[in-house]
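Q: I am sharing final-v9.cif, which consists of mmCIF, C-alpha atoms and all ligand atoms:
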```cif
data_run
loop_
_atom_site.group_PDB
_atom_site.id
_atom_site.type_symbol
_atom_site.label_atom_id
_atom_site.label_comp_id
_atom_site.auth_asym_id
_atom_site.auth_seq_id
_atom_site.Cartn_x
_atom_site.Cartn_y
_atom_site.Cartn_z
ATOM 1 C CA MET A 1 178.998 39.700 -218.497
ATOM 2 C CA ALA A 2 177.158 42.407 -216.510
ATOM 3 C CA GLN A 3 178.591 40.961 -213.282
ATOM 4 C CA ARG A 4 182.158 40.951 -214.587
ATOM 5 C CA SER A 5 181.707 44.469 -215.909
ATOM 6 C CA ALA A 6 180.407 45.649 -212.514
ATOM 7 C CA ALA A 7 183.359 44.013 -210.721
ATOM 8 C CA LEU A 8 185.754 45.930 -212.957
ATOM 9 C CA LYS A 9 183.856 49.172 -212.442
ATOM 10 C CA ALA A 10 184.131 48.668 -208.673
ATOM 11 C CA ARG A 11 187.901 48.701 -209.180
ATOM 12 C CA GLY A 12 187.695 51.868 -211.257
ATOM 13 C CA ILE A 13 188.085 50.207 -214.639
ATOM 14 C CA THR A 14 185.789 50.613 -217.626
ATOM 15 C CA PRO A 15 186.741 48.160 -220.375
ATOM 16 C CA GLY A 16 187.773 50.204 -223.404
ATOM 17 C CA LEU A 17 187.716 49.128 -227.049
ATOM 18 C CA ALA A 18 189.368 51.115 -229.832
ATOM 19 C CA VAL A 19 187.909 50.497 -233.279
ATOM 20 C CA ILE A 20 189.909 51.674 -236.277
ATOM 21 C CA LEU A 21 188.179 52.127 -239.616
ATOM 22 C CA VAL A 22 190.222 53.113 -242.657
ATOM 23 C CA GLY A 23 188.322 54.162 -245.777
ATOM 24 C CA ASP A 24 184.617 54.181 -246.512
ATOM 25 C CA ASN A 25 183.678 50.577 -247.299
ATOM 26 C CA PRO A 26 179.871 50.644 -246.704
ATOM 27 C CA ALA A 27 179.695 47.144 -245.153
ATOM 28 C CA SER A 28 182.597 47.970 -242.810
ATOM 29 C CA GLN A 29 180.832 51.158 -241.734
ATOM 30 C CA VAL A 30 177.773 49.129 -240.713
ATOM 31 C CA TYR A 31 179.848 46.514 -238.850
ATOM 32 C CA VAL A 32 181.792 49.193 -237.006
ATOM 33 C CA ARG A 33 178.619 51.054 -236.068
ATOM 34 C CA ASN A 34 177.104 47.840 -234.683
ATOM 35 C CA LYS A 35 180.224 47.108 -232.635
ATOM 36 C CA VAL A 36 180.374 50.608 -231.172
ATOM 37 C CA LYS A 37 176.655 50.527 -230.346
ATOM 38 C CA ALA A 38 177.007 47.128 -228.659
ATOM 39 C CA CYS A 39 179.782 48.555 -226.471
ATOM 40 C CA GLU A 40 177.617 51.507 -225.468
ATOM 41 C CA ASP A 41 174.631 49.235 -224.719
ATOM 42 C CA SER A 42 176.808 47.036 -222.497
ATOM 43 C CA GLY A 43 178.529 49.792 -220.540
ATOM 44 C CA LEU A 44 181.894 49.366 -222.255
ATOM 45 C CA ARG A 45 183.775 52.387 -223.524
ATOM 46 C CA SER A 46 184.453 52.505 -227.238
ATOM 47 C CA VAL A 47 186.623 54.861 -229.223
ATOM 48 C CA LEU A 48 185.972 54.946 -232.943
ATOM 49 C CA GLU A 49 188.862 56.229 -235.025
ATOM 50 C CA LYS A 50 187.965 56.869 -238.661
ATOM 51 C CA TYR A 51 190.630 57.602 -241.242
ATOM 52 C CA GLU A 52 190.666 58.485 -244.933
ATOM 53 C CA ALA A 53 191.480 55.609 -247.296
ATOM 54 C CA SER A 54 194.714 57.433 -248.101
ATOM 55 C CA LEU A 55 196.107 56.926 -244.568
ATOM 56 C CA SER A 56 199.698 55.729 -244.831
ATOM 57 C CA GLU A 57 200.866 52.489 -243.282
ATOM 58 C CA THR A 58 203.375 54.381 -241.136
ATOM 59 C CA GLU A 59 200.598 56.581 -239.742
ATOM 60 C CA LEU A 60 198.358 53.587 -239.038
ATOM 61 C CA LEU A 61 201.151 51.652 -237.315
ATOM 62 C CA ALA A 62 201.974 54.707 -235.191
ATOM 63 C CA ARG A 63 198.329 55.017 -234.169
ATOM 64 C CA ILE A 64 198.198 51.337 -233.187
ATOM 65 C CA GLU A 65 201.362 51.710 -231.144
ATOM 66 C CA ALA A 66 199.853 54.682 -229.288
ATOM 67 C CA LEU A 67 196.769 52.585 -228.492
ATOM 68 C CA ASN A 68 199.003 49.692 -227.383
ATOM 69 C CA GLN A 69 200.480 52.078 -224.798
ATOM 70 C CA ASP A 70 197.148 53.616 -223.712
ATOM 71 C CA PRO A 71 196.149 52.148 -220.311
ATOM 72 C CA ASP A 72 192.479 53.064 -220.860
ATOM 73 C CA ILE A 73 192.283 50.977 -224.024
ATOM 74 C CA HIS A 74 192.068 47.233 -223.395
ATOM 75 C CA GLY A 75 191.112 46.017 -226.864
ATOM 76 C CA ILE A 76 192.105 47.159 -230.361
ATOM 77 C CA LEU A 77 190.179 46.208 -233.461
ATOM 78 C CA VAL A 78 191.189 47.155 -236.984
ATOM 79 C CA GLN A 79 188.200 46.673 -239.250
ATOM 80 C CA LEU A 80 189.015 44.553 -242.305
ATOM 81 C CA PRO A 81 189.367 44.703 -245.246
ATOM 82 C CA LEU A 82 191.952 47.467 -245.338
ATOM 83 C CA PRO A 83 192.655 49.525 -248.475
ATOM 84 C CA GLY A 84 195.049 47.694 -250.805
ATOM 85 C CA HIS A 85 198.153 49.764 -250.050
ATOM 86 C CA LEU A 86 198.083 48.675 -246.386
ATOM 87 C CA ASP A 87 199.668 45.348 -245.440
ATOM 88 C CA THR A 88 196.955 43.621 -243.385
ATOM 89 C CA HIS A 89 199.335 41.105 -241.863
ATOM 90 C CA LYS A 90 201.764 43.795 -240.735
ATOM 91 C CA VAL A 91 198.931 45.878 -239.278
ATOM 92 C CA ILE A 92 197.425 42.984 -237.304
ATOM 93 C CA GLU A 93 200.855 41.955 -236.007
ATOM 94 C CA ALA A 94 201.375 45.522 -234.757
ATOM 95 C CA ILE A 95 198.523 45.107 -232.272
ATOM 96 C CA SER A 96 199.735 44.014 -228.854
ATOM 97 C CA PRO A 97 198.609 40.367 -228.330
ATOM 98 C CA ALA A 98 197.283 41.512 -224.919
ATOM 99 C CA LYS A 99 194.835 43.795 -226.767
ATOM 100 C CA ASP A 100 194.113 41.530 -229.753
ATOM 101 C CA VAL A 101 190.390 41.121 -229.014
ATOM 102 C CA ASP A 102 189.658 40.031 -232.605
ATOM 103 C CA GLY A 103 192.011 37.092 -232.056
ATOM 104 C CA PHE A 104 193.724 37.531 -235.446
ATOM 105 C CA HIS A 105 197.318 38.053 -234.211
ATOM 106 C CA MET A 106 199.674 35.131 -234.794
ATOM 107 C CA ALA A 107 200.187 34.878 -231.021
ATOM 108 C CA SER A 108 196.429 34.363 -230.591
ATOM 109 C CA ALA A 109 196.303 31.842 -233.451
ATOM 110 C CA GLY A 110 199.234 29.966 -231.940
ATOM 111 C CA ALA A 111 197.588 29.920 -228.522
ATOM 112 C CA LEU A 112 194.417 28.445 -230.001
ATOM 113 C CA LEU A 113 196.400 25.856 -231.963
ATOM 114 C CA THR A 114 198.317 24.721 -228.904
ATOM 115 C CA GLY A 115 195.423 24.975 -226.431
ATOM 116 C CA LEU A 116 196.946 27.812 -224.408
ATOM 117 C CA PRO A 117 194.990 30.812 -223.081
ATOM 118 C CA GLY A 118 194.543 33.608 -225.622
ATOM 119 C CA PHE A 119 191.877 35.489 -227.490
ATOM 120 C CA TRP A 120 189.775 33.355 -229.809
ATOM 121 C CA PRO A 121 188.423 34.833 -233.048
ATOM 122 C CA CYS A 122 184.943 36.085 -232.263
ATOM 123 C CA THR A 123 182.905 34.411 -235.014
ATOM 124 C CA PRO A 124 183.923 30.783 -234.439
ATOM 125 C CA HIS A 125 183.933 31.410 -230.701
ATOM 126 C CA GLY A 126 180.352 32.659 -231.028
ATOM 127 C CA CYS A 127 179.466 29.460 -232.894
ATOM 128 C CA MET A 128 180.890 27.406 -230.026
ATOM 129 C CA LYS A 129 178.801 29.410 -227.551
ATOM 130 C CA MET A 130 175.695 28.699 -229.619
ATOM 131 C CA LEU A 131 176.405 24.955 -229.480
ATOM 132 C CA GLU A 132 176.989 25.285 -225.734
ATOM 133 C CA SER A 133 173.689 27.148 -225.315
ATOM 134 C CA ILE A 134 171.746 24.188 -226.737
ATOM 135 C CA GLY A 135 173.741 21.741 -224.591
ATOM 136 C CA TYR A 136 175.284 20.067 -227.626
ATOM 137 C CA ASP A 137 178.031 17.582 -226.738
ATOM 138 C CA LEU A 138 180.561 17.469 -229.584
ATOM 139 C CA ARG A 139 182.439 14.428 -228.284
ATOM 140 C CA GLY A 140 182.492 11.759 -230.970
ATOM 141 C CA LYS A 141 180.437 13.837 -233.395
ATOM 142 C CA HIS A 142 181.473 14.505 -236.984
ATOM 143 C CA ALA A 143 181.717 18.224 -237.695
ATOM 144 C CA VAL A 144 182.132 19.524 -241.234
ATOM 145 C CA VAL A 145 183.410 23.078 -241.652
ATOM 146 C CA ILE A 146 182.934 24.596 -245.103
ATOM 147 C CA GLY A 147 185.587 27.288 -245.576
ATOM 148 C CA ARG A 148 189.192 27.499 -244.411
ATOM 149 C CA SER A 149 189.873 31.188 -243.815
ATOM 150 C CA ASN A 150 192.205 32.214 -241.005
ATOM 151 C CA ILE A 151 189.443 34.160 -239.293
ATOM 152 C CA VAL A 152 186.568 31.673 -239.468
ATOM 153 C CA GLY A 153 187.081 28.235 -241.025
ATOM 154 C CA LYS A 154 190.452 27.199 -239.572
ATOM 155 C CA PRO A 155 189.886 28.469 -236.006
ATOM 156 C CA MET A 156 186.388 26.961 -236.109
ATOM 157 C CA ALA A 157 187.860 23.559 -236.948
ATOM 158 C CA LEU A 158 190.382 23.851 -234.097
ATOM 159 C CA MET A 159 187.699 24.764 -231.562
ATOM 160 C CA LEU A 160 185.512 21.828 -232.632
ATOM 161 C CA LEU A 161 188.543 19.537 -232.429
ATOM 162 C CA GLN A 162 189.300 20.811 -228.942
ATOM 163 C CA GLN A 163 185.806 19.677 -227.922
ATOM 164 C CA ASN A 164 186.522 16.179 -229.251
ATOM 165 C CA ALA A 165 184.632 16.327 -232.515
ATOM 166 C CA THR A 166 186.026 14.574 -235.575
ATOM 167 C CA VAL A 167 186.514 17.436 -237.986
ATOM 168 C CA THR A 168 186.519 17.680 -241.764
ATOM 169 C CA ILE A 169 187.417 20.964 -243.451
ATOM 170 C CA CYS A 170 186.007 21.575 -246.927
ATOM 171 C CA HIS A 171 186.983 24.328 -249.379
ATOM 172 C CA SER A 172 186.742 25.346 -252.999
ATOM 173 C CA ALA A 173 188.842 22.371 -254.145
ATOM 174 C CA THR A 174 186.723 19.791 -252.285
ATOM 175 C CA PRO A 175 185.445 17.592 -255.150
ATOM 176 C CA ASP A 176 182.155 16.376 -253.642
ATOM 177 C CA LEU A 177 180.939 18.696 -250.902
ATOM 178 C CA LYS A 178 177.610 16.902 -250.568
ATOM 179 C CA ALA A 179 179.322 13.569 -249.853
ATOM 180 C CA MET A 180 181.070 15.272 -246.928
ATOM 181 C CA THR A 181 178.155 17.241 -245.511
ATOM 182 C CA LEU A 182 175.835 14.215 -245.614
ATOM 183 C CA GLN A 183 178.116 12.534 -243.065
ATOM 184 C CA ALA A 184 178.023 15.505 -240.696
ATOM 185 C CA ASP A 185 176.336 15.790 -237.318
ATOM 186 C CA VAL A 186 177.343 19.464 -237.269
ATOM 187 C CA ILE A 187 177.880 21.690 -240.291
ATOM 188 C CA VAL A 188 179.400 25.165 -240.164
ATOM 189 C CA ALA A 189 179.026 27.057 -243.432
ATOM 190 C CA ALA A 190 181.568 29.891 -243.760
ATOM 191 C CA VAL A 191 181.922 30.485 -247.478
ATOM 192 C CA GLY A 192 180.284 33.733 -248.529
ATOM 193 C CA LYS A 193 178.072 32.265 -251.282
ATOM 194 C CA ARG A 194 174.317 31.821 -251.227
ATOM 195 C CA HIS A 195 172.825 28.331 -251.156
ATOM 196 C CA VAL A 196 176.128 26.528 -250.744
ATOM 197 C CA LEU A 197 174.221 24.199 -248.443
ATOM 198 C CA THR A 198 170.813 22.887 -249.497
ATOM 199 C CA ALA A 199 168.425 20.413 -247.844
ATOM 200 C CA ASP A 200 169.589 17.419 -249.929
ATOM 201 C CA MET A 201 173.117 17.921 -248.495
ATOM 202 C CA VAL A 202 172.083 17.637 -244.844
ATOM 203 C CA LYS A 203 171.597 14.508 -242.754
ATOM 204 C CA PRO A 204 168.237 14.589 -240.904
ATOM 205 C CA GLY A 205 168.720 15.949 -237.382
ATOM 206 C CA ALA A 206 172.047 17.647 -238.087
ATOM 207 C CA VAL A 207 172.963 20.952 -236.455
ATOM 208 C CA VAL A 208 173.669 23.741 -238.942
ATOM 209 C CA LEU A 209 175.459 27.005 -238.176
ATOM 210 C CA ASP A 210 175.369 29.604 -240.939
ATOM 211 C CA VAL A 211 178.238 32.100 -240.800
ATOM 212 C CA GLY A 212 177.828 33.460 -244.338
ATOM 213 C CA MET A 213 176.752 37.027 -244.992
ATOM 214 C CA ASN A 214 175.525 37.586 -248.514
ATOM 215 C CA ARG A 215 172.903 39.602 -250.364
ATOM 216 C CA ASP A 216 170.003 37.981 -252.203
ATOM 217 C CA ASP A 217 168.565 39.249 -255.506
ATOM 218 C CA ASN A 218 166.552 41.874 -253.623
ATOM 219 C CA GLY A 219 169.608 43.086 -251.709
ATOM 220 C CA LYS A 220 168.426 41.429 -248.497
ATOM 221 C CA LEU A 221 171.004 39.962 -246.119
ATOM 222 C CA CYS A 222 171.174 36.157 -246.293
ATOM 223 C CA GLY A 223 173.550 33.364 -245.349
ATOM 224 C CA ASP A 224 175.248 30.475 -247.137
ATOM 225 C CA VAL A 225 172.472 28.052 -246.256
ATOM 226 C CA ASP A 226 169.121 27.655 -247.978
ATOM 227 C CA PHE A 227 167.317 28.347 -244.724
ATOM 228 C CA ALA A 228 163.792 27.443 -245.882
ATOM 229 C CA GLY A 229 164.850 24.002 -247.126
ATOM 230 C CA VAL A 230 167.496 23.091 -244.551
ATOM 231 C CA SER A 231 165.326 24.089 -241.587
ATOM 232 C CA GLN A 232 162.981 21.239 -242.596
ATOM 233 C CA VAL A 233 165.806 18.709 -242.138
ATOM 234 C CA ALA A 234 168.098 20.104 -239.436
ATOM 235 C CA SER A 235 167.409 19.790 -235.710
ATOM 236 C CA TYR A 236 168.913 23.248 -235.123
ATOM 237 C CA ILE A 237 169.807 26.003 -237.555
ATOM 238 C CA THR A 238 170.948 29.580 -237.106
ATOM 239 C CA PRO A 239 169.262 32.277 -239.195
ATOM 240 C CA VAL A 240 170.877 35.115 -241.136
ATOM 241 C CA PRO A 241 170.432 37.824 -240.021
ATOM 242 C CA GLY A 242 170.066 37.319 -236.292
ATOM 243 C CA GLY A 243 172.238 34.240 -235.721
ATOM 244 C CA VAL A 244 176.008 34.100 -235.750
ATOM 245 C CA GLY A 245 176.396 37.850 -236.458
ATOM 246 C CA PRO A 246 175.108 39.111 -233.086
ATOM 247 C CA MET A 247 177.033 36.329 -231.299
ATOM 248 C CA THR A 248 180.219 37.544 -232.979
ATOM 249 C CA ILE A 249 179.712 40.992 -231.503
ATOM 250 C CA THR A 250 178.936 39.526 -228.088
ATOM 251 C CA MET A 251 182.219 37.602 -228.143
ATOM 252 C CA LEU A 252 184.068 40.795 -229.055
ATOM 253 C CA LEU A 253 182.669 42.399 -225.916
ATOM 254 C CA VAL A 254 183.574 39.323 -223.859
ATOM 255 C CA ASN A 255 187.147 39.437 -225.198
ATOM 256 C CA THR A 256 187.385 43.150 -224.355
ATOM 257 C CA LEU A 257 186.151 42.447 -220.845
ATOM 258 C CA GLN A 258 188.705 39.646 -220.562
ATOM 259 C CA ALA A 259 191.477 41.961 -221.764
ATOM 260 C CA ALA A 260 190.502 44.494 -219.098
ATOM 261 C CA GLU A 261 190.527 41.769 -216.413
ATOM 262 C CA ASN A 262 193.923 40.571 -217.643
ATOM 263 C CA SER A 263 195.285 44.114 -217.372
ATOM 264 C CA LEU A 264 194.563 44.029 -213.640
ATOM 265 C CA ALA A 265 196.534 40.826 -213.242
ATOM 266 C CA ALA A 266 199.446 42.097 -215.342
HETATM 267 P P1 LIG B 1 186.847 33.848 -247.162
HETATM 268 O O1 LIG B 1 188.141 34.244 -246.574
HETATM 269 O O2 LIG B 1 186.460 34.330 -248.514
HETATM 270 O O3 LIG B 1 186.806 32.251 -247.188
HETATM 271 C C1 LIG B 1 185.804 31.551 -247.840
HETATM 272 C C2 LIG B 1 186.125 30.085 -247.836
HETATM 273 O O4 LIG B 1 185.106 29.398 -248.552
HETATM 274 C C3 LIG B 1 187.449 29.736 -248.522
HETATM 275 O O5 LIG B 1 188.177 28.840 -247.715
HETATM 276 C C4 LIG B 1 187.025 29.075 -249.844
HETATM 277 O O6 LIG B 1 187.875 28.072 -250.270
HETATM 278 C C5 LIG B 1 185.707 28.461 -249.455
HETATM 279 N N1 LIG B 1 184.836 28.248 -250.599
HETATM 280 C C6 LIG B 1 184.576 29.095 -251.621
HETATM 281 N N2 LIG B 1 183.709 28.528 -252.479
HETATM 282 C C7 LIG B 1 183.438 27.303 -252.002
HETATM 283 C C8 LIG B 1 182.616 26.247 -252.450
HETATM 284 N N3 LIG B 1 181.891 26.347 -253.576
HETATM 285 N N4 LIG B 1 182.569 25.112 -251.724
HETATM 286 C C9 LIG B 1 183.293 24.996 -250.585
HETATM 287 N N5 LIG B 1 184.079 25.970 -250.114
HETATM 288 C C10 LIG B 1 184.148 27.118 -250.808
HETATM 289 O O7 LIG B 1 185.637 34.228 -246.209
HETATM 290 P P2 LIG B 1 185.530 34.360 -244.589
HETATM 291 O O8 LIG B 1 186.186 35.586 -244.150
HETATM 292 O O9 LIG B 1 185.889 33.062 -243.965
HETATM 293 O O10 LIG B 1 183.961 34.575 -244.467
HETATM 294 C C11 LIG B 1 183.042 33.602 -244.935
HETATM 295 C C12 LIG B 1 181.644 34.184 -244.876
HETATM 296 O O11 LIG B 1 181.338 34.478 -243.527
HETATM 297 C C13 LIG B 1 181.458 35.514 -245.625
HETATM 298 O O12 LIG B 1 180.156 35.559 -246.130
HETATM 299 C C14 LIG B 1 181.630 36.547 -244.541
HETATM 300 O O13 LIG B 1 180.939 37.759 -244.842
HETATM 301 C C15 LIG B 1 180.987 35.841 -243.392
HETATM 302 N N6 LIG B 1 181.423 36.300 -242.066
HETATM 303 C C16 LIG B 1 180.471 36.513 -241.153
HETATM 304 C C17 LIG B 1 180.815 36.920 -239.906
HETATM 305 C C18 LIG B 1 179.739 37.149 -238.888
HETATM 306 O O14 LIG B 1 179.980 37.838 -237.915
HETATM 307 N N7 LIG B 1 178.557 36.576 -239.081
HETATM 308 C C19 LIG B 1 182.160 37.104 -239.567
HETATM 309 C C20 LIG B 1 183.135 36.830 -240.514
HETATM 310 C C21 LIG B 1 182.753 36.417 -241.774
HETATM 311 P P3 LIG B 1 189.412 28.331 -250.731
HETATM 312 O O15 LIG B 1 190.172 28.509 -249.449
HETATM 313 O O16 LIG B 1 189.763 27.110 -251.463
HETATM 314 O O17 LIG B 1 189.375 29.574 -251.566
#
```
As structure tokens, please, write out the structure in this file.
Ligand code: NAP
A:
Amino acid sequence: MAQRSAALKARGITPGLAVILVGDNPASQVYVRNKVKACEDSGLRSVLEKYEASLSETELLARIEALNQDPDIHGILVQLPLPGHLDTHKVIEAISPAKDVDGFHMASAGALLTGLPGFWPCTPHGCMKMLESIGYDLRGKHAVVIGRSNIVGKPMALMLLQQNATVTICHSATPDLKAMTLQADVIVAAVGKRHVLTADMVKPGAVVLDVGMNRDDNGKLCGDVDFAGVSQVASYITPVPGGVGPMTITMLLVNTLQAAENSLAA
């Protein structure tokens, strides 16, 4: 990343990320702060735009359009969730696909689905990078994804499929989750509930990626996986905090860098 960043700098370009935060959701404030700090630490330029929760949709869409036109901004991120009166879908679709570094635009989703170049959602992409970092070959493996959201579960399943895994997607209407996870070589837990995955649900030697971000009874950050138990069974497991979360931010920076490189070719 440092090399790519230096090559851009040599051509007079500093990758720029605009982060839009509407309202004062405490978790969102932390996420946004972490993203802005990561940009600063990596030599990327970030612009944080904070707005009152009362911001109108028209005003937000106008702001996005201005950023779409700004040549110094290569990536635009609107922190979710948005206040209820704002139409999330409409807001995301207003971002130019060329600057959609979160990978949530329908054009990005379509590109992933069809195997064309485009921005991949950062969290599942980060999970793929973690598998790559341990040299894990997904070909012929059975991957079970728990959760089917548009931002984590579904794109995760597509990325695993693209690497030739056989993929099962589980969700709240899956009748026997344990029967599914026990068959898995790789499990990705993306639910948002503590202890969704316990040691008795994991095949010995399986690889477990924990995307969940929850609070335990003491208010401490924890994942979906019972880490203490599952780490006794799994061959590889990501912790929360310190696992998928930081990788998500890294992939956001990589996407911003990519957007800046693409702007040169455009
Ligand atoms: P989401 O939109 O709420 O989706 C949760 C999914 O879990 C849904 O598909 C739901 O099924 C399924 N589910 C709920 N209860 C279940 C159960 N008992 N068994 C099996 N499946 C169940 O959440 P998300 O946005 O995908 O996020 C998931 C978690 O990841 C959250 O904790 C979030 O904070 C975290 N997250 C972390 C990062 C990171 O950077 N580390 C990034 C994004 C999200 P239905 O579809 O049937 O309702």
Q: Rounded to one decimal, what separation in Å do you get between CA of Asp70 (chain A) and CA of Thr58 (chain A)?
A: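 We find that CA of Asp70 (chain A) and CA of Thr58 (chain A) lie 18.5 Å from each other.
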Q: If we count only C-alpha atoms, what is near Asp100 (chain A) at a cut-off of 9 Å, once residues fewer than 2 positions away on the same chain are taken out, given as a ChimeraX atom specification?
A: /A:74-77,92,95-98,102-105,108,118-119,255-256,259
Q: Please, which residues have at least one atom within 6 Å of an atom of ligand LIG 1 (chain B), using all atoms listed in the file, listed as an MDAnalysis selection string?
A: chainID A and resid 123 146:149 151:153 170:173 190:192 211:214 244:245 248
Q: Show which residues sit within 12 Å of Leu177 (chain A), as an MDAnalysis selection string. Count all atoms listed in the file, and ignore same-chain residues fewer than 6 positions away.
A: chainID A and resid 144:147 168:171 183:184 187 189 196:198 200:202
Q: Within 12 Å of Arg215 (chain A), counting only C-alpha atoms, which residues qualify if same-chain residues fewer than 2 places away don't, as a list of chain:residue names?
A: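 That gives A:Ala27, A:Gly192, A:Lys193, A:Arg194, A:His195, A:Gly212, A:Met213, A:Asp217, A:Asn218, A:Gly219, A:Lys220, A:Leu221, A:Cys222, A:Gly223, A:Asp224, A:Val240, A:Pro241.
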Q: Write out the residues from the selection above, keeping C-alpha atoms, as a PDB file, keeping the file's coordinate frame.
A:
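Below you can see out-v4.pdb, which holds the result:
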```pdb
ATOM      1  CA  ALA A  27     179.695  47.144-245.153  1.00  0.00           C
ATOM      2  CA  GLY A 192     180.284  33.733-248.529  1.00  0.00           C
ATOM      3  CA  LYS A 193     178.072  32.265-251.282  1.00  0.00           C
ATOM      4  CA  ARG A 194     174.317  31.821-251.227  1.00  0.00           C
ATOM      5  CA  HIS A 195     172.825  28.331-251.156  1.00  0.00           C
ATOM      6  CA  GLY A 212     177.828  33.460-244.338  1.00  0.00           C
ATOM      7  CA  MET A 213     176.752  37.027-244.992  1.00  0.00           C
ATOM      8  CA  ASP A 217     168.565  39.249-255.506  1.00  0.00           C
ATOM      9  CA  ASN A 218     166.552  41.874-253.623  1.00  0.00           C
ATOM     10  CA  GLY A 219     169.608  43.086-251.709  1.00  0.00           C
ATOM     11  CA  LYS A 220     168.426  41.429-248.497  1.00  0.00           C
ATOM     12  CA  LEU A 221     171.004  39.962-246.119  1.00  0.00           C
ATOM     13  CA  CYS A 222     171.174  36.157-246.293  1.00  0.00           C
ATOM     14  CA  GLY A 223     173.550  33.364-245.349  1.00  0.00           C
ATOM     15  CA  ASP A 224     175.248  30.475-247.137  1.00  0.00           C
ATOM     16  CA  VAL A 240     170.877  35.115-241.136  1.00  0.00           C
ATOM     17  CA  PRO A 241     170.432  37.824-240.021  1.00  0.00           C
TER      18      PRO A 241
END
```
Q: Tell me, in Å to one decimal, how far CA of Pro71 (chain A) is from CA of Pro121 (chain A).
A: 22.8 Å
Q: Kindly give the distance, in Å, that separates CA of Asp210 (chain A) and CA of Val188 (chain A), rounded to a single decimal.
A: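 Atom-to-atom, CA of Asp210 (chain A) and CA of Val188 (chain A) are spaced 6.0 Å apart.
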Q: For the structure shown, which residues end up in the PyMOL selection byres (((chain A and resi 60) around 12) and not hetatm)? Put them as an MDAnalysis selection string, please?
A: chainID A and resid 20:22 49:59 61:67 78 82:83 85:88 90:92 94:95
Q: Just say which residues the PyMOL selection byres (((chain A and resi 231) around 12) and not hetatm) picks in this file, as a list in words.
A: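 Applying the PyMOL selection byres (((chain A and resi 231) around 12) and not hetatm) to the structure shown produces Leu197, Thr198, Ala199, Asp200, Val202, Lys203, Pro204, Gly205, Ala206, Val207, Val208, Leu209, Asp210, Val225, Asp226, Phe227, Ala228, Gly229, Val230, Gln232, Val233, Ala234, Ser235, Tyr236, Ile237, Thr238 and Pro239 of chain A.
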Q: Draw an axis-aligned box tight on the listed atoms of region 247-266 of chain A, then pad every side by 6 Å and write out centre and edge lengths in Å to one decimal as JSON.
A:
```
{"center_x": 188.2, "center_y": 40.4, "center_z": -223.1, "size_x": 34.4, "size_y": 20.2, "size_z": 31.7}
```
Q: Just want the 10 Å neighbourhood of region 133-140 of chain A, counted on only C-alpha atoms, with same-chain residues fewer than 2 positions away dropped. Output as number ranges by chain.
A: A: 127-131, 142-143, 160-167, 185-186, 207, 236
Q: Save out the residues we just selected, C-alpha atoms, as a compact mmCIF listing (two decimals), in the frame of the given file.
A:
```txt
# COMPACT_ATOMS: atom_id res chain seq x y z
CA CYS A 127 179.47 29.46 -232.89
CA MET A 128 180.89 27.41 -230.03
CA LYS A 129 178.80 29.41 -227.55
CA MET A 130 175.70 28.70 -229.62
CA LEU A 131 176.40 24.96 -229.48
CA HIS A 142 181.47 14.50 -236.98
CA ALA A 143 181.72 18.22 -237.70
CA LEU A 160 185.51 21.83 -232.63
CA LEU A 161 188.54 19.54 -232.43
CA GLN A 162 189.30 20.81 -228.94
CA GLN A 163 185.81 19.68 -227.92
CA ASN A 164 186.52 16.18 -229.25
CA ALA A 165 184.63 16.33 -232.52
CA THR A 166 186.03 14.57 -235.58
CA VAL A 167 186.51 17.44 -237.99
CA ASP A 185 176.34 15.79 -237.32
CA VAL A 186 177.34 19.46 -237.27
CA VAL A 207 172.96 20.95 -236.46
CA TYR A 236 168.91 23.25 -235.12
```
Q: Write out as a short mmCIF file (atom, residue, chain, number, x, y, z; two decimals) with C-alpha atoms, keeping the file's coordinate frame which residues come within 9 Å of Leu48 (chain A) when counting all atoms listed in the file, dropping same-chain ones fewer than 3 positions away.
A:
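Contents of around_20.cif, freshly written:
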```cif
data_model
loop_
_atom_site.label_atom_id
_atom_site.label_comp_id
_atom_site.auth_asym_id
_atom_site.auth_seq_id
_atom_site.Cartn_x
_atom_site.Cartn_y
_atom_site.Cartn_z
CA LEU A 17 187.72 49.13 -227.05
CA ALA A 18 189.37 51.12 -229.83
CA VAL A 19 187.91 50.50 -233.28
CA ILE A 20 189.91 51.67 -236.28
CA LEU A 21 188.18 52.13 -239.62
CA VAL A 32 181.79 49.19 -237.01
CA ARG A 33 178.62 51.05 -236.07
CA VAL A 36 180.37 50.61 -231.17
#
```
Q: Taking the file as shown, find all residues satisfying the PyMOL selection byres (((chain A and resi 264) around 12) and not hetatm) and write them as number ranges by chain.
A: A: 7-9, 11-15, 71-72, 74, 98, 257-263, 265-266
Q: For a quick check of understanding, using all atoms listed in the file, which of A:Glu93, A:Leu252, A:Gln79, A:Lys99 has the smallest distance to Val30 (chain A)?
A: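 Checking each of A:Glu93, A:Leu252, A:Gln79, A:Lys99 against Val30 (chain A), counting all atoms listed in the file, the winner is A:Gln79.
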